[in-house]
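Enquirer: run37.cif is the file, holding mmCIF, C-alpha atoms:
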data_entry
#
loop_
_atom_site.label_atom_id
_atom_site.label_comp_id
_atom_site.auth_asym_id
_atom_site.auth_seq_id
_atom_site.Cartn_x
_atom_site.Cartn_y
_atom_site.Cartn_z
CA MET T 1 -34.67 -24.63 13.19
CA GLU T 2 -35.38 -22.29 16.07
CA VAL T 3 -33.71 -24.69 18.50
CA PHE T 4 -30.69 -24.96 16.20
CA TRP T 5 -30.35 -21.16 16.10
CA GLU T 6 -30.64 -20.99 19.90
CA TYR T 7 -27.72 -23.39 20.34
CA ALA T 8 -25.75 -21.75 17.51
CA LYS T 9 -25.96 -18.42 19.37
CA ALA T 10 -24.73 -20.04 22.59
CA PHE T 11 -21.86 -21.70 20.69
CA LEU T 12 -20.81 -18.57 18.79
CA VAL T 13 -20.91 -16.15 21.73
CA GLY T 14 -19.31 -18.63 24.17
CA GLY T 15 -16.64 -19.51 21.61
CA ALA T 16 -15.91 -15.86 20.86
CA ILE T 17 -15.48 -14.97 24.56
CA CYS T 18 -13.11 -17.93 25.00
CA ALA T 19 -11.19 -16.92 21.85
CA VAL T 20 -10.57 -13.53 23.51
CA GLY T 21 -9.06 -15.45 26.44
CA GLN T 22 -6.82 -17.36 24.03
CA VAL T 23 -5.69 -14.10 22.39
CA LEU T 24 -4.69 -12.86 25.86
CA ILE T 25 -2.76 -16.11 26.47
CA ASP T 26 -0.96 -15.88 23.11
CA TYR T 27 -0.17 -12.17 22.92
CA THR T 28 0.26 -11.07 26.55
CA LYS T 29 2.14 -12.58 29.45
CA LEU T 30 -1.00 -12.88 31.57
CA THR T 31 -1.10 -16.05 33.70
CA PRO T 32 -4.36 -18.07 33.89
CA ALA T 33 -5.13 -16.58 37.32
CA ARG T 34 -4.77 -13.05 35.94
CA ILE T 35 -6.96 -13.88 32.95
CA LEU T 36 -9.71 -15.24 35.21
CA VAL T 37 -9.50 -12.13 37.42
CA THR T 38 -9.64 -9.91 34.32
CA PHE T 39 -12.73 -11.71 33.00
CA VAL T 40 -14.64 -11.48 36.28
CA VAL T 41 -13.85 -7.78 36.82
CA LEU T 42 -14.67 -7.06 33.18
CA GLY T 43 -17.97 -8.90 33.67
CA VAL T 44 -18.82 -6.73 36.70
CA ALA T 45 -17.98 -3.59 34.70
CA LEU T 46 -19.97 -4.62 31.60
CA GLY T 47 -22.83 -5.86 33.80
CA GLY T 48 -22.80 -2.60 35.72
CA LEU T 49 -23.00 -0.62 32.50
CA GLY T 50 -25.97 -2.75 31.46
CA VAL T 51 -24.23 -4.08 28.36
CA TYR T 52 -23.81 -7.72 29.36
CA GLN T 53 -27.32 -8.73 30.46
CA PRO T 54 -28.81 -8.27 26.93
CA LEU T 55 -26.08 -10.61 25.69
CA VAL T 56 -27.13 -13.23 28.29
CA GLU T 57 -30.73 -12.89 27.15
CA TRP T 58 -29.65 -13.32 23.52
CA ALA T 59 -27.07 -16.10 23.85
CA GLY T 60 -28.09 -17.85 27.10
CA GLY T 61 -25.33 -20.19 28.25
CA GLY T 62 -22.98 -18.69 25.68
CA ALA T 63 -22.78 -15.56 27.83
CA SER T 64 -23.60 -16.86 31.32
CA ILE T 65 -21.09 -19.74 31.39
CA PRO T 66 -17.84 -17.85 30.63
CA LEU T 67 -16.46 -16.17 33.75
CA THR T 68 -17.59 -12.75 32.52
CA GLY T 69 -21.08 -14.15 33.18
CA TRP T 70 -20.22 -14.54 36.86
CA GLY T 71 -19.07 -10.92 36.95
CA ASN T 72 -22.34 -9.89 35.33
CA ALA T 73 -24.28 -11.92 37.92
CA ILE T 74 -22.36 -10.16 40.74
CA ALA T 75 -23.35 -6.78 39.25
CA ARG T 76 -26.99 -7.81 38.80
CA GLY T 77 -27.21 -9.30 42.29
CA THR T 78 -25.68 -6.18 43.80
CA ARG T 79 -28.03 -3.86 41.92
CA GLU T 80 -31.11 -5.83 42.99
CA ALA T 81 -29.93 -6.04 46.60
CA VAL T 82 -29.15 -2.31 46.82
CA ALA T 83 -32.61 -1.50 45.42
CA GLU T 84 -34.22 -3.79 47.98
CA LYS T 85 -32.08 -3.43 51.10
CA GLY T 86 -30.14 -0.20 50.67
CA ILE T 87 -26.57 -0.04 51.94
CA TYR T 88 -26.71 -3.60 53.32
CA GLY T 89 -27.21 -4.78 49.75
CA VAL T 90 -23.88 -3.21 48.74
CA LEU T 91 -22.18 -6.00 50.70
CA SER T 92 -24.72 -8.82 50.44
CA GLY T 93 -25.71 -8.74 46.77
CA GLY T 94 -22.66 -10.14 44.98
CA LEU T 95 -22.13 -13.26 47.04
CA THR T 96 -25.82 -13.97 47.63
CA ILE T 97 -26.45 -14.44 43.92
CA SER T 98 -23.32 -16.57 43.47
CA ALA T 99 -23.62 -18.55 46.72
CA ALA T 100 -24.72 -21.84 45.16
CA GLY T 101 -22.02 -21.84 42.48
CA VAL T 102 -19.21 -20.98 44.90
CA ALA T 103 -20.43 -23.56 47.44
CA ALA T 104 -20.67 -26.17 44.65
CA ALA T 105 -17.10 -25.51 43.48
CA ILE T 106 -15.76 -25.70 47.05
CA PHE T 107 -17.75 -28.79 48.08
CA PHE T 108 -17.25 -30.77 44.86
CA GLY T 109 -13.59 -29.70 44.84
CA LEU T 110 -13.14 -31.04 48.37
CA MET T 111 -14.95 -34.31 47.57
CA GLY T 112 -12.96 -34.71 44.35
CA ALA T 113 -9.67 -34.17 46.16
CA LEU T 114 -10.64 -36.77 48.79
CA VAL T 115 -11.85 -39.43 46.35
CA PHE T 116 -9.22 -39.23 43.60
CA ARG T 117 -5.46 -39.73 43.66
CA PRO T 118 -3.16 -37.10 42.19
CA LYS T 119 -1.97 -38.07 38.69
CA GLU T 120 1.69 -38.54 37.87
CA LYS T 121 2.89 -35.52 35.88
CA MET I 1 22.54 -6.85 1.67
CA GLU I 2 22.94 -3.09 2.24
CA ASN I 3 20.08 -2.19 -0.03
CA LEU I 4 17.57 -4.34 1.76
CA THR I 5 14.13 -2.69 1.60
CA ASP I 6 11.87 -2.66 4.63
CA HIS I 7 9.55 -5.02 2.85
CA ALA I 8 12.28 -7.55 2.02
CA TYR I 9 13.57 -7.34 5.57
CA GLY I 10 10.07 -7.98 6.89
CA GLU I 11 9.85 -11.08 4.70
CA MET I 12 13.17 -12.35 6.05
CA VAL I 13 12.04 -11.84 9.66
CA LYS I 14 8.82 -13.69 8.88
CA LYS I 15 10.74 -16.62 7.43
CA ALA I 16 13.18 -16.77 10.32
CA SER I 17 10.67 -16.57 13.18
CA PRO I 18 8.85 -19.73 14.22
CA PRO I 19 5.29 -20.05 12.88
CA SER I 20 2.71 -18.61 15.26
CA LYS I 21 0.65 -21.15 17.14
CA SER I 22 -2.25 -18.73 17.20
CA PHE I 23 -3.61 -20.03 13.88
CA ARG I 24 -4.31 -23.28 15.66
CA ASP I 25 -4.80 -22.09 19.27
CA ILE I 26 -7.51 -19.50 18.69
CA PRO I 27 -9.89 -21.67 16.59
CA LEU I 28 -9.38 -24.54 19.06
CA ALA I 29 -10.22 -22.26 22.01
CA PHE I 30 -13.29 -21.10 20.08
CA LEU I 31 -14.44 -24.69 19.40
CA ILE I 32 -13.85 -26.09 22.88
CA GLY I 33 -15.12 -22.98 24.69
CA GLY I 34 -18.15 -22.80 22.42
CA GLY I 35 -18.74 -26.52 22.96
CA ILE I 36 -18.67 -26.21 26.76
CA CYS I 37 -21.08 -23.25 26.63
CA THR I 38 -23.41 -25.15 24.28
CA LEU I 39 -23.42 -28.12 26.67
CA GLY I 40 -24.21 -25.77 29.58
CA HIS I 41 -26.97 -24.16 27.54
CA PHE I 42 -28.39 -27.63 26.93
CA PHE I 43 -28.44 -28.35 30.70
CA ILE I 44 -30.17 -25.01 31.41
CA SER I 45 -32.87 -25.62 28.76
CA GLN I 46 -33.31 -29.18 29.96
CA TYR I 47 -33.90 -28.02 33.57
CA GLU I 48 -36.42 -25.47 32.31
CA ARG I 49 -38.17 -28.20 30.34
CA TRP I 50 -38.40 -30.22 33.55
CA GLY I 51 -40.23 -27.32 35.15
CA VAL I 52 -37.40 -25.74 37.12
CA SER I 53 -37.94 -21.97 37.36
CA GLU I 54 -35.79 -19.81 35.12
CA GLU I 55 -34.13 -18.24 38.15
CA ILE I 56 -32.83 -21.61 39.33
CA ALA I 57 -32.31 -23.34 35.98
CA SER I 58 -29.36 -21.11 35.04
CA PRO I 59 -27.30 -21.62 38.25
CA ALA I 60 -28.31 -25.31 38.19
CA GLY I 61 -26.76 -25.59 34.71
CA LEU I 62 -23.58 -23.94 36.02
CA ILE I 63 -23.49 -26.31 39.00
CA THR I 64 -23.84 -29.31 36.67
CA LEU I 65 -20.85 -28.08 34.66
CA ILE I 66 -18.88 -27.50 37.88
CA PHE I 67 -19.61 -31.08 38.96
CA LEU I 68 -18.51 -32.51 35.61
CA ALA I 69 -15.34 -30.38 35.56
CA VAL I 70 -14.34 -31.57 39.05
CA LEU I 71 -15.00 -35.18 38.03
CA LEU I 72 -12.93 -34.82 34.84
CA THR I 73 -10.17 -33.10 36.85
CA GLY I 74 -10.06 -36.02 39.28
CA LEU I 75 -9.86 -38.48 36.38
CA GLY I 76 -7.01 -36.46 34.86
CA VAL I 77 -9.01 -35.74 31.72
CA TYR I 78 -9.58 -32.01 32.18
CA ASP I 79 -5.88 -31.16 32.28
CA LYS I 80 -5.37 -33.03 29.00
CA MET I 81 -8.30 -31.16 27.51
CA ALA I 82 -6.83 -27.86 28.73
CA LYS I 83 -3.63 -28.50 26.79
CA VAL I 84 -5.66 -28.50 23.57
CA GLY I 85 -8.39 -26.06 24.51
CA GLY I 86 -6.29 -23.33 26.18
CA GLY I 87 -8.56 -20.35 26.74
CA GLY I 88 -11.53 -22.49 25.67
CA SER I 89 -11.22 -24.63 28.78
CA LEU I 90 -10.00 -21.83 31.07
CA VAL I 91 -12.61 -19.11 30.58
CA PRO I 92 -15.88 -21.08 31.08
CA ILE I 93 -17.01 -21.86 34.65
CA THR I 94 -15.48 -25.34 34.17
CA GLY I 95 -12.04 -23.67 34.14
CA PHE I 96 -12.88 -22.08 37.49
CA ALA I 97 -13.96 -25.48 38.90
CA ASN I 98 -10.78 -27.08 37.53
CA ALA I 99 -8.74 -24.32 39.20
CA VAL I 100 -10.37 -25.26 42.53
CA ALA I 101 -10.10 -29.03 42.20
CA ALA I 102 -6.64 -29.44 40.64
CA PRO I 103 -4.55 -27.76 43.39
CA ALA I 104 -6.81 -29.26 46.11
CA LEU I 105 -5.96 -32.71 44.77
CA GLU I 106 -2.30 -31.96 44.13
CA PHE I 107 -1.61 -30.50 47.59
CA LYS I 108 -3.64 -33.07 49.53
CA SER I 109 -0.30 -34.69 50.45
CA GLU I 110 0.62 -31.53 52.40
CA GLY I 111 -2.32 -32.01 54.77
CA MET I 112 -6.05 -31.46 54.95
CA ILE I 113 -5.90 -27.90 56.30
CA LEU I 114 -2.92 -26.01 54.89
CA GLY I 115 -2.57 -28.41 51.95
CA LEU I 116 -5.97 -29.22 50.46
CA GLY I 117 -7.99 -26.56 52.30
CA ALA I 118 -5.70 -23.61 51.64
CA LYS I 119 -4.24 -24.47 48.22
CA MET I 120 -7.74 -24.93 46.83
CA PHE I 121 -7.86 -21.11 46.65
CA LEU I 122 -4.45 -20.68 45.05
CA ILE I 123 -5.94 -19.48 41.74
CA VAL I 124 -9.62 -18.86 42.48
CA GLY I 125 -8.91 -16.95 45.72
CA PRO I 126 -7.82 -13.84 43.78
CA VAL I 127 -10.76 -14.28 41.40
CA ILE I 128 -13.20 -14.22 44.35
CA VAL I 129 -11.34 -11.31 46.00
CA TYR I 130 -11.43 -9.04 42.96
CA GLY I 131 -14.87 -10.17 41.80
CA VAL I 132 -16.47 -9.46 45.19
CA ALA I 133 -14.52 -6.21 45.65
CA SER I 134 -15.57 -4.85 42.26
CA GLY I 135 -19.17 -5.79 43.09
CA VAL I 136 -18.96 -3.82 46.36
CA ILE I 137 -17.47 -0.79 44.57
CA TYR I 138 -20.26 -0.99 41.98
CA GLY I 139 -22.83 -1.24 44.81
CA LEU I 140 -21.35 1.81 46.56
CA ILE I 141 -21.57 3.83 43.34
CA LEU I 142 -25.21 2.76 42.92
CA TYR I 143 -26.01 3.61 46.54
CA LEU I 144 -24.21 6.96 46.73
CA PHE I 145 -25.53 8.27 43.42
CA LYS I 146 -28.97 6.69 43.89
CA LEU I 147 -28.74 4.87 40.56
CA TYR I 148 -30.84 1.88 41.60
#
Produce structure tokens that represent the structure in this file.
Expert:
Amino acid sequence: MEVFWEYAKAFLVGGAICAVGQVLIDYTKLTPARILVTFVVLGVALGGLGVYQPLVEWAGGGASIPLTGWGNAIARGTREAVAEKGIYGVLSGGLTISAAGVAAAIFFGLMGALVFRPKEK
Amino acid sequence: MENLTDHAYGEMVKKASPPSKSFRDIPLAFLIGGGICTLGHFFISQYERWGVSEEIASPAGLITLIFLAVLLTGLGVYDKMAKVGGGGSLVPITGFANAVAAPALEFKSEGMILGLGAKMFLIVGPVIVYGVASGVIYGLILYLFKLY
């Protein structure tokens, strides 16, 4: 039962955040690129205000997998780096914490583009 | 017709305008987005169960999703899923991975450097730019006001 509730929280929070994205698609003229930018910047802001991390602790993947979760990670990484390394951390924190994810997207993206053929539209 | 009340006019407008897709779109985005997050949560818990530290399990779960999204993009499945899922397949990290892989694949024909290599960042470039910049601004605020 506890495991069920854990996954239900991830599903509900993740679904709700994605539903917000769909509302933006349906009711504004925001393009996908603008929506992704909005979510990341919003994540940095909410993470910076300390609002988002409790949600990650409560909903796990439900909050860390939407792109707002990346923004929150940038804020957390920056805060930790500034505390540890001072002004150097201002620049190093955000990308250090997201290095593996960004490298994975770039490397797998490159491999995928080399291996597969473009589909007919 | 002259004595049309606001209410009656509103009803006429409602009848004449096409039915909103939102009734279908928003629940679908919720289901698919929630599903992707639940799958990611499963990967993260599984890595923790295998003894991976909490600090690494979470990014490892994200990386697994990124890998799957690139694979499904290459197979042409992710784009089909995105037509149904809308925001549900755009907002999770898999949407970010799809936004890297899809233009990289599509523009491969324009060359390895300015085709694949450059167009890969067509959509995610701005996301990285504004994500990193807002992190730096946040860091400056922390540093200048000694909030850390």
Enquirer: So which residues touch Ile141 (chain I) within 12 Å, counting only C-alpha atoms, skipping near sequence neighbours fewer than 3 positions away, as a list in words?
Expert: Ala45, Gly48, Leu49, Ala75, Thr78, Arg79, Val82, Gly86, Ile87 and Val90 of chain T; Ser134, Gly135, Val136, Ile137, Tyr138, Leu144, Phe145, Lys146, Leu147 and Tyr148 of chain I
Enquirer: Please put the answer as JSON: centre and edge lengths, in Å with one decimal, of a box along x, y and z that encloses all listed atoms of region 64-80 of chain I plus 5 Å on each side.
Expert:
{"center_x": -14.6, "center_y": -33.0, "center_z": 34.1, "size_x": 28.5, "size_y": 21.0, "size_z": 20.3}
Enquirer: Counting only C-alpha atoms, which residues of chain T come no farther than 7 Å from chain I, as a PyMOL selection string?
Expert: chain T and resi 7+10-12+14-16+18-19+21-23+26+33+36-37+40-41+44+48+60-62+65-67+71+74-75+78-79+82-83+86-87+90-91+94+101+104-105+108-110+112-113+116+118-119
Enquirer: Between CA of Met81 (chain I) and CA of Phe39 (chain T), what distance in Å does the model show, to one decimal?
Expert: 20.7 Å
Enquirer: Apply the PyMOL selection byres ((chain T and resi 55) around 12) to the structure shown and report the selected residues as a PyMOL selection string.
Expert: chain T and resi 9-10+12-14+17+43+46-47+50-54+56-65+68-69+72
Enquirer: Could those residues be written to a file, using C-alpha atoms, as a compact mmCIF listing (two decimals), keeping the file's coordinate frame?
Expert:
# COMPACT_ATOMS: atom_id res chain seq x y z
CA LYS T 9 -25.96 -18.42 19.37
CA ALA T 10 -24.73 -20.04 22.59
CA LEU T 12 -20.81 -18.57 18.79
CA VAL T 13 -20.91 -16.15 21.73
CA GLY T 14 -19.31 -18.63 24.17
CA ILE T 17 -15.48 -14.97 24.56
CA GLY T 43 -17.97 -8.90 33.67
CA LEU T 46 -19.97 -4.62 31.60
CA GLY T 47 -22.83 -5.86 33.80
CA GLY T 50 -25.97 -2.75 31.46
CA VAL T 51 -24.23 -4.08 28.36
CA TYR T 52 -23.81 -7.72 29.36
CA GLN T 53 -27.32 -8.73 30.46
CA PRO T 54 -28.81 -8.27 26.93
CA VAL T 56 -27.13 -13.23 28.29
CA GLU T 57 -30.73 -12.89 27.15
CA TRP T 58 -29.65 -13.32 23.52
CA ALA T 59 -27.07 -16.10 23.85
CA GLY T 60 -28.09 -17.85 27.10
CA GLY T 61 -25.33 -20.19 28.25
CA GLY T 62 -22.98 -18.69 25.68
CA ALA T 63 -22.78 -15.56 27.83
CA SER T 64 -23.60 -16.86 31.32
CA ILE T 65 -21.09 -19.74 31.39
CA THR T 68 -17.59 -12.75 32.52
CA GLY T 69 -21.08 -14.15 33.18
CA ASN T 72 -22.34 -9.89 35.33
Enquirer: If I take CA of Ala8 (chain T) and CA of Ala57 (chain I), how far is one from the other in Å, to one decimal?
Expert: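 Separating CA of Ala8 (chain T) from CA of Ala57 (chain I) is a distance of 19.7 Å.
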Enquirer: To one decimal in Å, tell me the separation between CA of Ser98 (chain T) and CA of Thr38 (chain T).
Expert: 17.8 Å
